[in-house]
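For reference, model38.cif is printed below; it contains mmCIF, C-alpha atoms.
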```cif
data_query
#
loop_
_atom_site.group_PDB
_atom_site.id
_atom_site.type_symbol
_atom_site.label_atom_id
_atom_site.label_comp_id
_atom_site.auth_asym_id
_atom_site.auth_seq_id
_atom_site.Cartn_x
_atom_site.Cartn_y
_atom_site.Cartn_z
ATOM 1 C CA MET A 1235 0.000 0.000 0.000
ATOM 2 C CA ALA A 1236 2.915 2.324 0.763
ATOM 3 C CA ASP A 1237 4.350 1.482 -2.685
ATOM 4 C CA ALA A 1238 1.017 2.337 -4.324
ATOM 5 C CA THR A 1239 0.965 5.687 -2.518
ATOM 6 C CA LEU A 1240 4.496 6.487 -3.753
ATOM 7 C CA VAL A 1241 3.534 5.556 -7.317
ATOM 8 C CA MET A 1242 0.493 7.839 -7.170
ATOM 9 C CA LEU A 1243 2.559 10.679 -5.682
ATOM 10 C CA ARG A 1244 5.145 10.367 -8.445
ATOM 11 C CA ALA A 1245 2.415 10.322 -11.098
ATOM 12 C CA SER A 1246 0.898 13.436 -9.553
ATOM 13 C CA VAL A 1247 4.224 15.310 -9.396
ATOM 14 C CA GLU A 1248 5.036 14.287 -12.958
ATOM 15 C CA ALA A 1249 1.680 15.554 -14.250
ATOM 16 C CA LEU A 1250 2.028 18.854 -12.391
ATOM 17 C CA SER A 1251 5.579 19.349 -13.678
ATOM 18 C CA GLN A 1252 4.162 19.084 -17.208
ATOM 19 C CA GLY A 1253 1.527 21.696 -16.417
ATOM 20 C CA LYS A 1254 -1.288 19.151 -16.290
ATOM 21 C CA LEU A 1255 -3.697 18.061 -13.610
ATOM 22 C CA PRO A 1256 -3.209 14.491 -12.330
ATOM 23 C CA GLU A 1257 -5.699 11.860 -13.466
ATOM 24 C CA PRO A 1258 -8.972 11.751 -11.455
ATOM 25 C CA ALA A 1259 -8.111 8.272 -10.159
ATOM 26 C CA VAL A 1260 -4.799 9.574 -8.810
ATOM 27 C CA LEU A 1261 -6.457 12.558 -7.136
ATOM 28 C CA LYS A 1262 -9.130 10.355 -5.533
ATOM 29 C CA PHE A 1263 -6.513 7.931 -4.234
ATOM 30 C CA LEU A 1264 -4.338 10.677 -2.721
ATOM 31 C CA LEU A 1265 -7.357 12.507 -1.296
ATOM 32 C CA SER A 1266 -8.546 9.291 0.342
ATOM 33 C CA LYS A 1267 -5.119 8.655 1.880
ATOM 34 C CA GLY A 1268 -4.772 12.259 3.029
ATOM 35 C CA LEU A 1269 -8.210 12.249 4.645
ATOM 36 C CA GLY A 1270 -7.536 8.859 6.237
ATOM 37 C CA TYR A 1271 -4.329 9.972 7.912
ATOM 38 C CA GLY A 1272 -5.893 13.337 8.823
ATOM 39 C CA ILE A 1273 -8.758 11.539 10.581
ATOM 40 C CA LEU A 1274 -6.231 9.275 12.301
ATOM 41 C CA ALA A 1275 -4.363 12.314 13.647
ATOM 42 C CA ALA A 1276 -7.525 14.160 14.709
ATOM 43 C CA SER A 1277 -8.963 11.072 16.399
ATOM 44 C CA SER A 1278 -6.024 10.982 18.795
ATOM 45 C CA VAL A 1279 -7.510 14.029 20.578
ATOM 46 C CA ILE A 1280 -11.178 13.965 19.516
ATOM 47 C CA LYS A 1281 -12.511 13.058 22.953
ATOM 48 C CA VAL A 1282 -10.049 15.198 24.915
ATOM 49 C CA PRO A 1283 -12.469 18.203 25.094
ATOM 50 C CA GLN A 1284 -15.119 15.929 26.624
ATOM 51 C CA ILE A 1285 -12.585 14.465 29.076
ATOM 52 C CA LEU A 1286 -11.446 17.946 30.108
ATOM 53 C CA ALA A 1287 -15.059 19.096 30.532
ATOM 54 C CA LEU A 1288 -15.713 16.215 32.934
ATOM 55 C CA MET A 1289 -12.509 16.809 34.881
ATOM 56 C CA LYS A 1290 -13.327 20.501 35.210
ATOM 57 C CA SER A 1291 -16.937 20.039 36.330
ATOM 58 C CA LYS A 1292 -16.313 16.806 38.272
ATOM 59 C CA SER A 1293 -19.811 15.840 37.204
ATOM 60 C CA ALA A 1294 -21.287 13.352 34.734
ATOM 61 C CA GLU A 1295 -24.551 15.309 34.557
ATOM 62 C CA GLY A 1296 -26.379 14.930 31.255
ATOM 63 C CA LEU A 1297 -24.256 11.998 30.098
ATOM 64 C CA ALA A 1298 -25.921 8.644 29.438
ATOM 65 C CA GLY A 1299 -23.526 6.020 30.764
ATOM 66 C CA LEU A 1300 -25.065 3.272 28.613
ATOM 67 C CA SER A 1301 -24.336 5.275 25.460
ATOM 68 C CA PHE A 1302 -20.630 5.519 26.253
ATOM 69 C CA GLU A 1303 -20.449 1.852 27.258
ATOM 70 C CA LEU A 1304 -21.990 0.815 23.943
ATOM 71 C CA GLU A 1305 -19.569 3.154 22.165
ATOM 72 C CA ASN A 1306 -16.693 1.145 23.630
ATOM 73 C CA ILE A 1307 -18.164 -2.001 22.091
ATOM 74 C CA CYS A 1308 -18.647 -0.186 18.749
ATOM 75 C CA PHE A 1309 -15.034 0.993 18.635
ATOM 76 C CA THR A 1310 -13.802 -2.514 19.468
ATOM 77 C CA ILE A 1311 -15.862 -4.068 16.649
ATOM 78 C CA HIS A 1312 -14.840 -1.334 14.193
ATOM 79 C CA ALA A 1313 -11.117 -1.836 14.903
ATOM 80 C CA SER A 1314 -11.556 -5.622 14.760
ATOM 81 C CA TYR A 1315 -13.293 -5.408 11.360
ATOM 82 C CA GLY A 1316 -10.434 -3.434 9.826
ATOM 83 C CA TYR A 1317 -7.844 -5.727 11.410
ATOM 84 C CA LEU A 1318 -9.524 -8.934 10.231
ATOM 85 C CA LEU A 1319 -10.023 -7.666 6.664
ATOM 86 C CA GLY A 1320 -6.426 -6.455 6.484
ATOM 87 C CA LEU A 1321 -7.428 -2.890 5.634
ATOM 88 C CA PRO A 1322 -4.744 -0.153 5.735
ATOM 89 C CA ILE A 1323 -4.347 1.342 9.202
ATOM 90 C CA ASN A 1324 -5.514 4.756 7.982
ATOM 91 C CA SER A 1325 -8.908 3.151 7.213
ATOM 92 C CA TYR A 1326 -9.729 2.054 10.757
ATOM 93 C CA GLY A 1327 -6.942 3.084 13.153
ATOM 94 C CA GLU A 1328 -9.009 5.888 14.665
ATOM 95 C CA ALA A 1329 -11.305 3.295 16.248
ATOM 96 C CA ALA A 1330 -8.460 2.022 18.439
ATOM 97 C CA LEU A 1331 -7.442 5.566 19.422
ATOM 98 C CA MET A 1332 -11.027 6.543 20.244
ATOM 99 C CA LEU A 1333 -11.493 3.324 22.212
ATOM 100 C CA ALA A 1334 -8.566 4.304 24.456
ATOM 101 C CA GLN A 1335 -9.970 7.816 25.013
ATOM 102 C CA ASN A 1336 -13.511 6.556 25.550
ATOM 103 C CA THR A 1337 -12.204 4.148 28.186
ATOM 104 C CA VAL A 1338 -10.682 7.112 30.074
ATOM 105 C CA LEU A 1339 -13.970 8.982 29.674
ATOM 106 C CA LEU A 1340 -15.921 6.027 31.015
ATOM 107 C CA GLY A 1341 -13.565 5.782 33.987
ATOM 108 C CA LEU A 1342 -14.249 9.421 34.873
ATOM 109 C CA MET A 1343 -17.999 8.927 34.442
ATOM 110 C CA TYR A 1344 -17.909 5.881 36.717
ATOM 111 C CA LYS A 1345 -15.961 7.879 39.299
ATOM 112 C CA TYR A 1346 -18.171 10.970 39.332
ATOM 113 C CA SER A 1347 -21.474 9.060 39.115
ATOM 114 C CA ARG A 1348 -20.315 6.501 41.703
ATOM 115 C CA THR A 1349 -21.106 3.537 39.480
ATOM 116 C CA SER A 1350 -21.196 0.142 41.163
ATOM 117 C CA PRO A 1351 -17.927 -1.877 40.979
ATOM 118 C CA ALA A 1352 -19.849 -4.832 39.511
ATOM 119 C CA ARG A 1353 -20.881 -2.811 36.461
ATOM 120 C CA VAL A 1354 -17.336 -1.469 35.987
ATOM 121 C CA LEU A 1355 -15.848 -4.970 36.160
ATOM 122 C CA ALA A 1356 -18.473 -6.385 33.791
ATOM 123 C CA MET A 1357 -17.699 -3.705 31.176
ATOM 124 C CA ALA A 1358 -13.944 -4.233 31.499
ATOM 125 C CA ALA A 1359 -14.324 -8.015 31.200
ATOM 126 C CA LEU A 1360 -16.506 -7.677 28.080
ATOM 127 C CA ASN A 1361 -14.026 -5.400 26.297
ATOM 128 C CA ILE A 1362 -11.006 -7.506 27.194
ATOM 129 C CA SER A 1363 -12.698 -10.744 26.093
ATOM 130 C CA MET A 1364 -13.702 -9.208 22.732
ATOM 131 C CA ILE A 1365 -10.154 -8.018 22.024
ATOM 132 C CA TYR A 1366 -8.724 -11.401 23.051
ATOM 133 C CA ALA A 1367 -11.158 -13.272 20.786
ATOM 134 C CA VAL A 1368 -10.020 -11.254 17.751
ATOM 135 C CA LEU A 1369 -6.269 -11.333 18.441
ATOM 136 C CA SER A 1370 -6.284 -15.053 19.297
ATOM 137 C CA GLY A 1371 -7.935 -15.967 15.995
ATOM 138 C CA MET A 1372 -11.237 -17.117 17.515
ATOM 139 C CA VAL A 1373 -13.083 -14.679 15.221
ATOM 140 C CA GLN A 1374 -12.642 -15.466 11.520
ATOM 141 C CA LYS A 1375 -12.437 -13.059 8.584
ATOM 142 C CA SER A 1376 -15.649 -14.564 7.189
ATOM 143 C CA GLN A 1377 -17.500 -13.400 10.294
ATOM 144 C CA ALA A 1378 -16.342 -9.777 9.964
ATOM 145 C CA GLN A 1379 -19.259 -8.644 7.746
ATOM 146 C CA SER A 1380 -21.904 -9.987 10.131
ATOM 147 C CA MET A 1381 -19.988 -8.543 13.059
ATOM 148 C CA TYR A 1382 -19.995 -5.062 11.544
ATOM 149 C CA ASP A 1383 -23.688 -5.275 10.611
ATOM 150 C CA MET A 1384 -24.345 -6.014 14.281
ATOM 151 C CA ASN A 1385 -22.179 -3.016 15.107
ATOM 152 C CA ASN A 1386 -24.566 -0.756 13.187
ATOM 153 C CA LEU A 1387 -27.373 -1.808 15.533
ATOM 154 C CA ILE A 1388 -25.138 -1.109 18.533
ATOM 155 C CA VAL A 1389 -24.269 2.353 17.143
ATOM 156 C CA THR A 1390 -27.988 3.157 17.097
ATOM 157 C CA ALA A 1391 -28.465 1.744 20.592
ATOM 158 C CA ALA A 1392 -25.493 3.823 21.783
ATOM 159 C CA ARG A 1393 -26.746 7.160 20.505
ATOM 160 C CA VAL A 1394 -30.524 6.931 20.954
ATOM 161 C CA PRO A 1395 -30.454 6.903 24.816
ATOM 162 C CA GLN A 1396 -28.325 10.078 24.763
ATOM 163 C CA ILE A 1397 -30.622 11.749 22.224
ATOM 164 C CA MET A 1398 -33.698 10.877 24.304
ATOM 165 C CA LYS A 1399 -32.042 12.024 27.537
ATOM 166 C CA ASN A 1400 -31.177 15.370 25.931
ATOM 167 C CA TYR A 1401 -34.750 15.745 24.650
ATOM 168 C CA LYS A 1402 -36.397 14.941 27.985
ATOM 169 C CA ALA A 1403 -34.072 17.224 29.947
ATOM 170 C CA SER A 1404 -34.074 19.982 27.288
ATOM 171 C CA SER A 1405 -30.354 20.131 28.008
ATOM 172 C CA THR A 1406 -27.159 18.420 26.882
ATOM 173 C CA GLY A 1407 -25.328 18.773 30.209
ATOM 174 C CA GLN A 1408 -21.555 18.275 29.898
ATOM 175 C CA LEU A 1409 -21.571 17.086 26.259
ATOM 176 C CA SER A 1410 -18.850 18.758 24.186
ATOM 177 C CA VAL A 1411 -19.943 20.389 20.922
ATOM 178 C CA VAL A 1412 -16.331 20.241 19.651
ATOM 179 C CA ALA A 1413 -16.302 16.441 19.958
ATOM 180 C CA PHE A 1414 -19.584 16.010 18.076
ATOM 181 C CA VAL A 1415 -18.679 18.482 15.303
ATOM 182 C CA ALA A 1416 -15.491 16.457 14.834
ATOM 183 C CA ASN A 1417 -17.530 13.228 14.792
ATOM 184 C CA VAL A 1418 -19.834 14.600 12.075
ATOM 185 C CA LEU A 1419 -16.939 15.767 9.894
ATOM 186 C CA GLY A 1420 -15.133 12.474 10.480
ATOM 187 C CA CYS A 1421 -18.147 10.411 9.391
ATOM 188 C CA MET A 1422 -18.509 12.481 6.217
ATOM 189 C CA ALA A 1423 -14.854 11.941 5.328
ATOM 190 C CA ARG A 1424 -14.989 8.247 6.233
ATOM 191 C CA ILE A 1425 -17.903 7.587 3.852
ATOM 192 C CA PHE A 1426 -15.629 8.699 1.007
ATOM 193 C CA THR A 1427 -12.459 6.927 2.212
ATOM 194 C CA SER A 1428 -14.309 3.679 2.976
ATOM 195 C CA TYR A 1429 -15.714 3.607 -0.570
ATOM 196 C CA GLN A 1430 -12.334 4.481 -2.073
ATOM 197 C CA ASP A 1431 -10.457 1.841 -0.027
ATOM 198 C CA GLY A 1432 -13.020 -0.894 -0.710
ATOM 199 C CA ALA A 1433 -13.897 -1.281 2.964
ATOM 200 C CA GLY A 1434 -17.267 -2.848 2.156
ATOM 201 C CA ILE A 1435 -20.894 -1.768 2.315
ATOM 202 C CA ALA A 1436 -21.197 -2.664 6.015
ATOM 203 C CA MET A 1437 -18.634 -0.025 7.002
ATOM 204 C CA ILE A 1438 -20.078 2.604 4.647
ATOM 205 C CA ARG A 1439 -23.572 1.951 6.009
ATOM 206 C CA GLY A 1440 -22.206 2.331 9.533
ATOM 207 C CA PHE A 1441 -20.679 5.736 8.815
ATOM 208 C CA VAL A 1442 -23.887 6.997 7.170
ATOM 209 C CA LEU A 1443 -25.796 5.944 10.286
ATOM 210 C CA GLY A 1444 -23.149 7.512 12.533
ATOM 211 C CA LEU A 1445 -23.386 10.761 10.562
ATOM 212 C CA ILE A 1446 -27.149 10.988 11.097
ATOM 213 C CA LEU A 1447 -26.985 10.225 14.832
ATOM 214 C CA ASN A 1448 -23.982 12.438 15.588
ATOM 215 C CA ALA A 1449 -25.516 15.310 13.606
ATOM 216 C CA THR A 1450 -28.696 14.958 15.679
ATOM 217 C CA ILE A 1451 -26.783 15.284 18.966
ATOM 218 C CA MET A 1452 -24.709 18.170 17.576
ATOM 219 C CA ALA A 1453 -27.933 19.982 16.645
ATOM 220 C CA GLN A 1454 -29.295 19.366 20.166
ATOM 221 C CA ILE A 1455 -26.151 20.810 21.770
ATOM 222 C CA LEU A 1456 -26.376 23.941 19.616
ATOM 223 C CA TYR A 1457 -30.142 24.346 20.077
ATOM 224 C CA TYR A 1458 -30.351 23.736 23.834
ATOM 225 C CA GLY A 1459 -27.133 25.685 24.429
ATOM 226 C CA ARG A 1460 -28.502 28.720 22.607
ATOM 227 C CA ARG A 1461 -31.808 28.464 24.458
ATOM 228 C CA SER A 1462 -30.013 28.217 27.797
ATOM 229 C CA LYS A 1463 -27.984 31.362 27.049
ATOM 230 C CA SER A 1464 -31.145 33.240 26.028
ATOM 231 C CA GLY A 1465 -32.801 32.233 29.311
ATOM 232 C CA LYS A 1466 -29.846 33.435 31.378
ATOM 233 C CA GLN A 1467 -29.778 36.770 29.534
ATOM 234 C CA ALA A 1468 -33.517 37.201 30.176
ATOM 235 C CA ASP A 1469 -33.005 36.482 33.898
ATOM 236 C CA LYS A 1470 -30.260 39.120 34.084
ATOM 237 C CA LYS A 1471 -32.538 41.710 32.485
ATOM 238 C CA LEU A 1472 -35.246 40.967 35.042
ATOM 239 C CA GLU A 1473 -32.742 41.488 37.849
#
```
Output the file's structure as structure tokens, nothing else.
Amino acid sequence: MADATLVMLRASVEALSQGKLPEPAVLKFLLSKGLGYGILAASSVIKVPQILALMKSKSAEGLAGLSFELENICFTIHASYGYLLGLPINSYGEAALMLAQNTVLLGLMYKYSRTSPARVLAMAALNISMIYAVLSGMVQKSQAQSMYDMNNLIVTAARVPQIMKNYKASSTGQLSVVAFVANVLGCMARIFTSYQDGAGIAMIRGFVLGLILNATIMAQILYYGRRSKSGKQADKKLE
């Protein structure tokens, strides 16, 4: 894959040196690789704003613990899918990075919400057993498609509780708008790179679904945040 990238880069430089635009196939390939590595870099800090918000407030108010637990499972399946299919690391590596950050986030949520040790241990055991099953060869490549289709259902189950909690409370609590804007942009880019890299319809379908759900939460953060500010300004005027 590295050799293919070098070939495409040389073809692009050669075309430009002759005063021509590179072939569309070359541009698509390089754009896909550039976006893939850009997403990989951005994903290394995508959940940091949310982690910092929790550490600053020392509160898990407004956060649906089940949503973040299911996210951990989603990231594990996503990374496993790419690993089993032998996809280039820039096609799925962000899942592993986000899994690590989400685990830190979950730890903080457990701490501030005083979650029972039994639930914490159960979640840790589930994640560890899933990773072991993939790395030990217990999960076969032929099972990857079905595994990712199941992941799409889990993605929905992960986001819907948070969306409903936001709606019922008319507030998004400690949710970070920066994290969800990044998620939306990442899903949009991943739809293109997944198609370009031949990642399969299951992964593309998953990113389309993720785009819709993340965009919904982003819209809630912006809407309820604006309404909250308007309410505070009205209260100040009354004073």
| request: Apply the PyMOL selection byres ((chain A and resi 1271) around 12) to the file shown and report the selected residues as a ChimeraX atom specification. | output: /A:1264-1270,1272-1278,1322-1328,1420,1423-1424,1427
| Which of these residues is nearest to Leu1339 (chain A), using all atoms listed in the file: A:Phe1414, A:Tyr1366, A:Tyr1317, A:Phe1302? | A:Phe1302
| message | Residues within 12 Å of Leu1340 (chain A), please, as a PyMOL selection string. Count only C-alpha atoms; anything in the same chain fewer than 5 positions from it doesn't count. | response | chain A and resi 1281+1284-1285+1288-1289+1294+1297-1306+1332-1335+1345-1349+1353-1354+1357-1358
| query | Counting all atoms listed in the file, which of A:Ala1352, A:Leu1318, A:Leu1387, A:Ile1397 gets nearest to Ile1365 (chain A)? | reply | A:Leu1318
Which residues would end up in the selection if the PyMOL selection byres ((chain A and resi 1443-1446) around 12) were applied here, given that I need the answer as a PDB file with C-alpha atoms, in the frame of the given file?
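As a result, out-v2.pdb now contains:
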```
ATOM      1  CA  GLU A1305     -19.569   3.154  22.165  1.00  0.00           C
ATOM      2  CA  CYS A1308     -18.647  -0.186  18.749  1.00  0.00           C
ATOM      3  CA  ASP A1383     -23.688  -5.275  10.611  1.00  0.00           C
ATOM      4  CA  ASN A1385     -22.179  -3.016  15.107  1.00  0.00           C
ATOM      5  CA  ASN A1386     -24.566  -0.756  13.187  1.00  0.00           C
ATOM      6  CA  LEU A1387     -27.373  -1.808  15.533  1.00  0.00           C
ATOM      7  CA  ILE A1388     -25.138  -1.109  18.533  1.00  0.00           C
ATOM      8  CA  VAL A1389     -24.269   2.353  17.143  1.00  0.00           C
ATOM      9  CA  THR A1390     -27.988   3.157  17.097  1.00  0.00           C
ATOM     10  CA  ALA A1391     -28.465   1.744  20.592  1.00  0.00           C
ATOM     11  CA  ALA A1392     -25.493   3.823  21.783  1.00  0.00           C
ATOM     12  CA  ARG A1393     -26.746   7.160  20.505  1.00  0.00           C
ATOM     13  CA  VAL A1394     -30.524   6.931  20.954  1.00  0.00           C
ATOM     14  CA  ILE A1397     -30.622  11.749  22.224  1.00  0.00           C
ATOM     15  CA  PHE A1414     -19.584  16.010  18.076  1.00  0.00           C
ATOM     16  CA  VAL A1415     -18.679  18.482  15.303  1.00  0.00           C
ATOM     17  CA  ALA A1416     -15.491  16.457  14.834  1.00  0.00           C
ATOM     18  CA  ASN A1417     -17.530  13.228  14.792  1.00  0.00           C
ATOM     19  CA  VAL A1418     -19.834  14.600  12.075  1.00  0.00           C
ATOM     20  CA  LEU A1419     -16.939  15.767   9.894  1.00  0.00           C
ATOM     21  CA  GLY A1420     -15.133  12.474  10.480  1.00  0.00           C
ATOM     22  CA  CYS A1421     -18.147  10.411   9.391  1.00  0.00           C
ATOM     23  CA  MET A1422     -18.509  12.481   6.217  1.00  0.00           C
ATOM     24  CA  ALA A1423     -14.854  11.941   5.328  1.00  0.00           C
ATOM     25  CA  ARG A1424     -14.989   8.247   6.233  1.00  0.00           C
ATOM     26  CA  ILE A1425     -17.903   7.587   3.852  1.00  0.00           C
ATOM     27  CA  ALA A1436     -21.197  -2.664   6.015  1.00  0.00           C
ATOM     28  CA  MET A1437     -18.634  -0.025   7.002  1.00  0.00           C
ATOM     29  CA  ILE A1438     -20.078   2.604   4.647  1.00  0.00           C
ATOM     30  CA  ARG A1439     -23.572   1.951   6.009  1.00  0.00           C
ATOM     31  CA  GLY A1440     -22.206   2.331   9.533  1.00  0.00           C
ATOM     32  CA  PHE A1441     -20.679   5.736   8.815  1.00  0.00           C
ATOM     33  CA  VAL A1442     -23.887   6.997   7.170  1.00  0.00           C
ATOM     34  CA  LEU A1447     -26.985  10.225  14.832  1.00  0.00           C
ATOM     35  CA  ASN A1448     -23.982  12.438  15.588  1.00  0.00           C
ATOM     36  CA  ALA A1449     -25.516  15.310  13.606  1.00  0.00           C
ATOM     37  CA  THR A1450     -28.696  14.958  15.679  1.00  0.00           C
ATOM     38  CA  ILE A1451     -26.783  15.284  18.966  1.00  0.00           C
ATOM     39  CA  MET A1452     -24.709  18.170  17.576  1.00  0.00           C
ATOM     40  CA  ALA A1453     -27.933  19.982  16.645  1.00  0.00           C
TER      41      ALA A1453
END
```
| message | I'd like to know which of A:Ser1314, A:Leu1240, A:Pro1256, A:Val1247 is closest to Met1372 (chain A), using all atoms listed in the file. | response | A:Ser1314
| query | Which residues come within 12 Å of Gln1454 (chain A), counting only C-alpha atoms, excluding same-chain residues fewer than 3 positions away, as a list in words? | reply |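 In the requested format, the answer is Gln1396, Ile1397, Met1398, Lys1399, Asn1400, Tyr1401, Lys1402, Ala1403, Ser1404, Ser1405, Thr1406, Gly1407, Leu1409, Ser1410, Val1411, Phe1414, Val1415, Leu1447, Asn1448, Ala1449, Thr1450, Ile1451, Tyr1457, Tyr1458, Gly1459, Arg1460, Arg1461 and Ser1462 of chain A.
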| Can you tell me how far CA of Pro1283 (chain A) sits from CA of Val1412 (chain A), in Å to one decimal? |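 The value is 7.0 Å.
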Provide an axis-aligned box for all listed atoms of region 1435-1441 of chain A, padding each side by 5 Å; report its centre and its edge lengths in Å to one decimal, as AutoDock Vina command-line options.
```
--center_x -21.1 --center_y 1.5 --center_z 5.9 --size_x 14.9 --size_y 18.4 --size_z 17.2
```
Surrounding residues of Ala1330 (chain A) excluding itself and chain neighbours under 5 positions, 8 Å, all atoms listed in the file, as a tab-separated table (two decimals) with C-alpha atoms, keeping the file's coordinate frame:
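The file below, selection-v4.tsv, is the result:
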```tsv
chain	number	residue	atom	x	y	z
A	1309	PHE	CA	-15.03	0.99	18.64
A	1310	THR	CA	-13.80	-2.51	19.47
A	1313	ALA	CA	-11.12	-1.84	14.90
```
| Distance of CA of Gly1434 (chain A) from CA of Gly1320 (chain A), expressed in Å to one decimal place |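 Pair CA of Gly1320 (chain A) / CA of Gly1434 (chain A) returns 12.2 Å.
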| message | Can you measure CA of Lys1290 (chain A) to CA of Ile1307 (chain A) for me? One decimal in Å is fine. | response | 26.5 Å
| task | Give the answer as one residue: which of A:Leu1243, A:Met1343, A:Ile1435, A:Ala1329 has the shortest atom-to-atom distance to Gln1408 (chain A), using all atoms listed in the file? | result | A:Met1343
| field | Residue with smallest distance to Asn1361 (chain A) - pool A:Val1282, A:Phe1263, A:Gln1374, A:Asn1336, counting only C-alpha atoms | value |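 Checking each candidate against Asn1361 (chain A), we get A:Asn1336 as the closest.
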| task | Please provide as a ChimeraX atom specification all residues within 12 Å of Lys1375 (chain A), with the sequence filter that same-chain residues fewer than 3 positions apart are discarded (counting all atoms listed in the file). | result | /A:1314-1321,1368-1369,1371-1372,1378-1382
Could you save the residues just selected, with C-alpha atoms, as a JSON list (two decimals), in the frame of the given file?
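Here's the written file selection-v7.json:
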```json
[["chain", "number", "residue", "atom", "x", "y", "z"],
["A", 1314, "SER", "CA", -11.56, -5.62, 14.76],
["A", 1315, "TYR", "CA", -13.29, -5.41, 11.36],
["A", 1316, "GLY", "CA", -10.43, -3.43, 9.83],
["A", 1317, "TYR", "CA", -7.84, -5.73, 11.41],
["A", 1318, "LEU", "CA", -9.52, -8.93, 10.23],
["A", 1319, "LEU", "CA", -10.02, -7.67, 6.66],
["A", 1320, "GLY", "CA", -6.43, -6.46, 6.48],
["A", 1321, "LEU", "CA", -7.43, -2.89, 5.63],
["A", 1368, "VAL", "CA", -10.02, -11.25, 17.75],
["A", 1369, "LEU", "CA", -6.27, -11.33, 18.44],
["A", 1371, "GLY", "CA", -7.94, -15.97, 16.00],
["A", 1372, "MET", "CA", -11.24, -17.12, 17.52],
["A", 1378, "ALA", "CA", -16.34, -9.78, 9.96],
["A", 1379, "GLN", "CA", -19.26, -8.64, 7.75],
["A", 1380, "SER", "CA", -21.90, -9.99, 10.13],
["A", 1381, "MET", "CA", -19.99, -8.54, 13.06],
["A", 1382, "TYR", "CA", -20.00, -5.06, 11.54]]
```
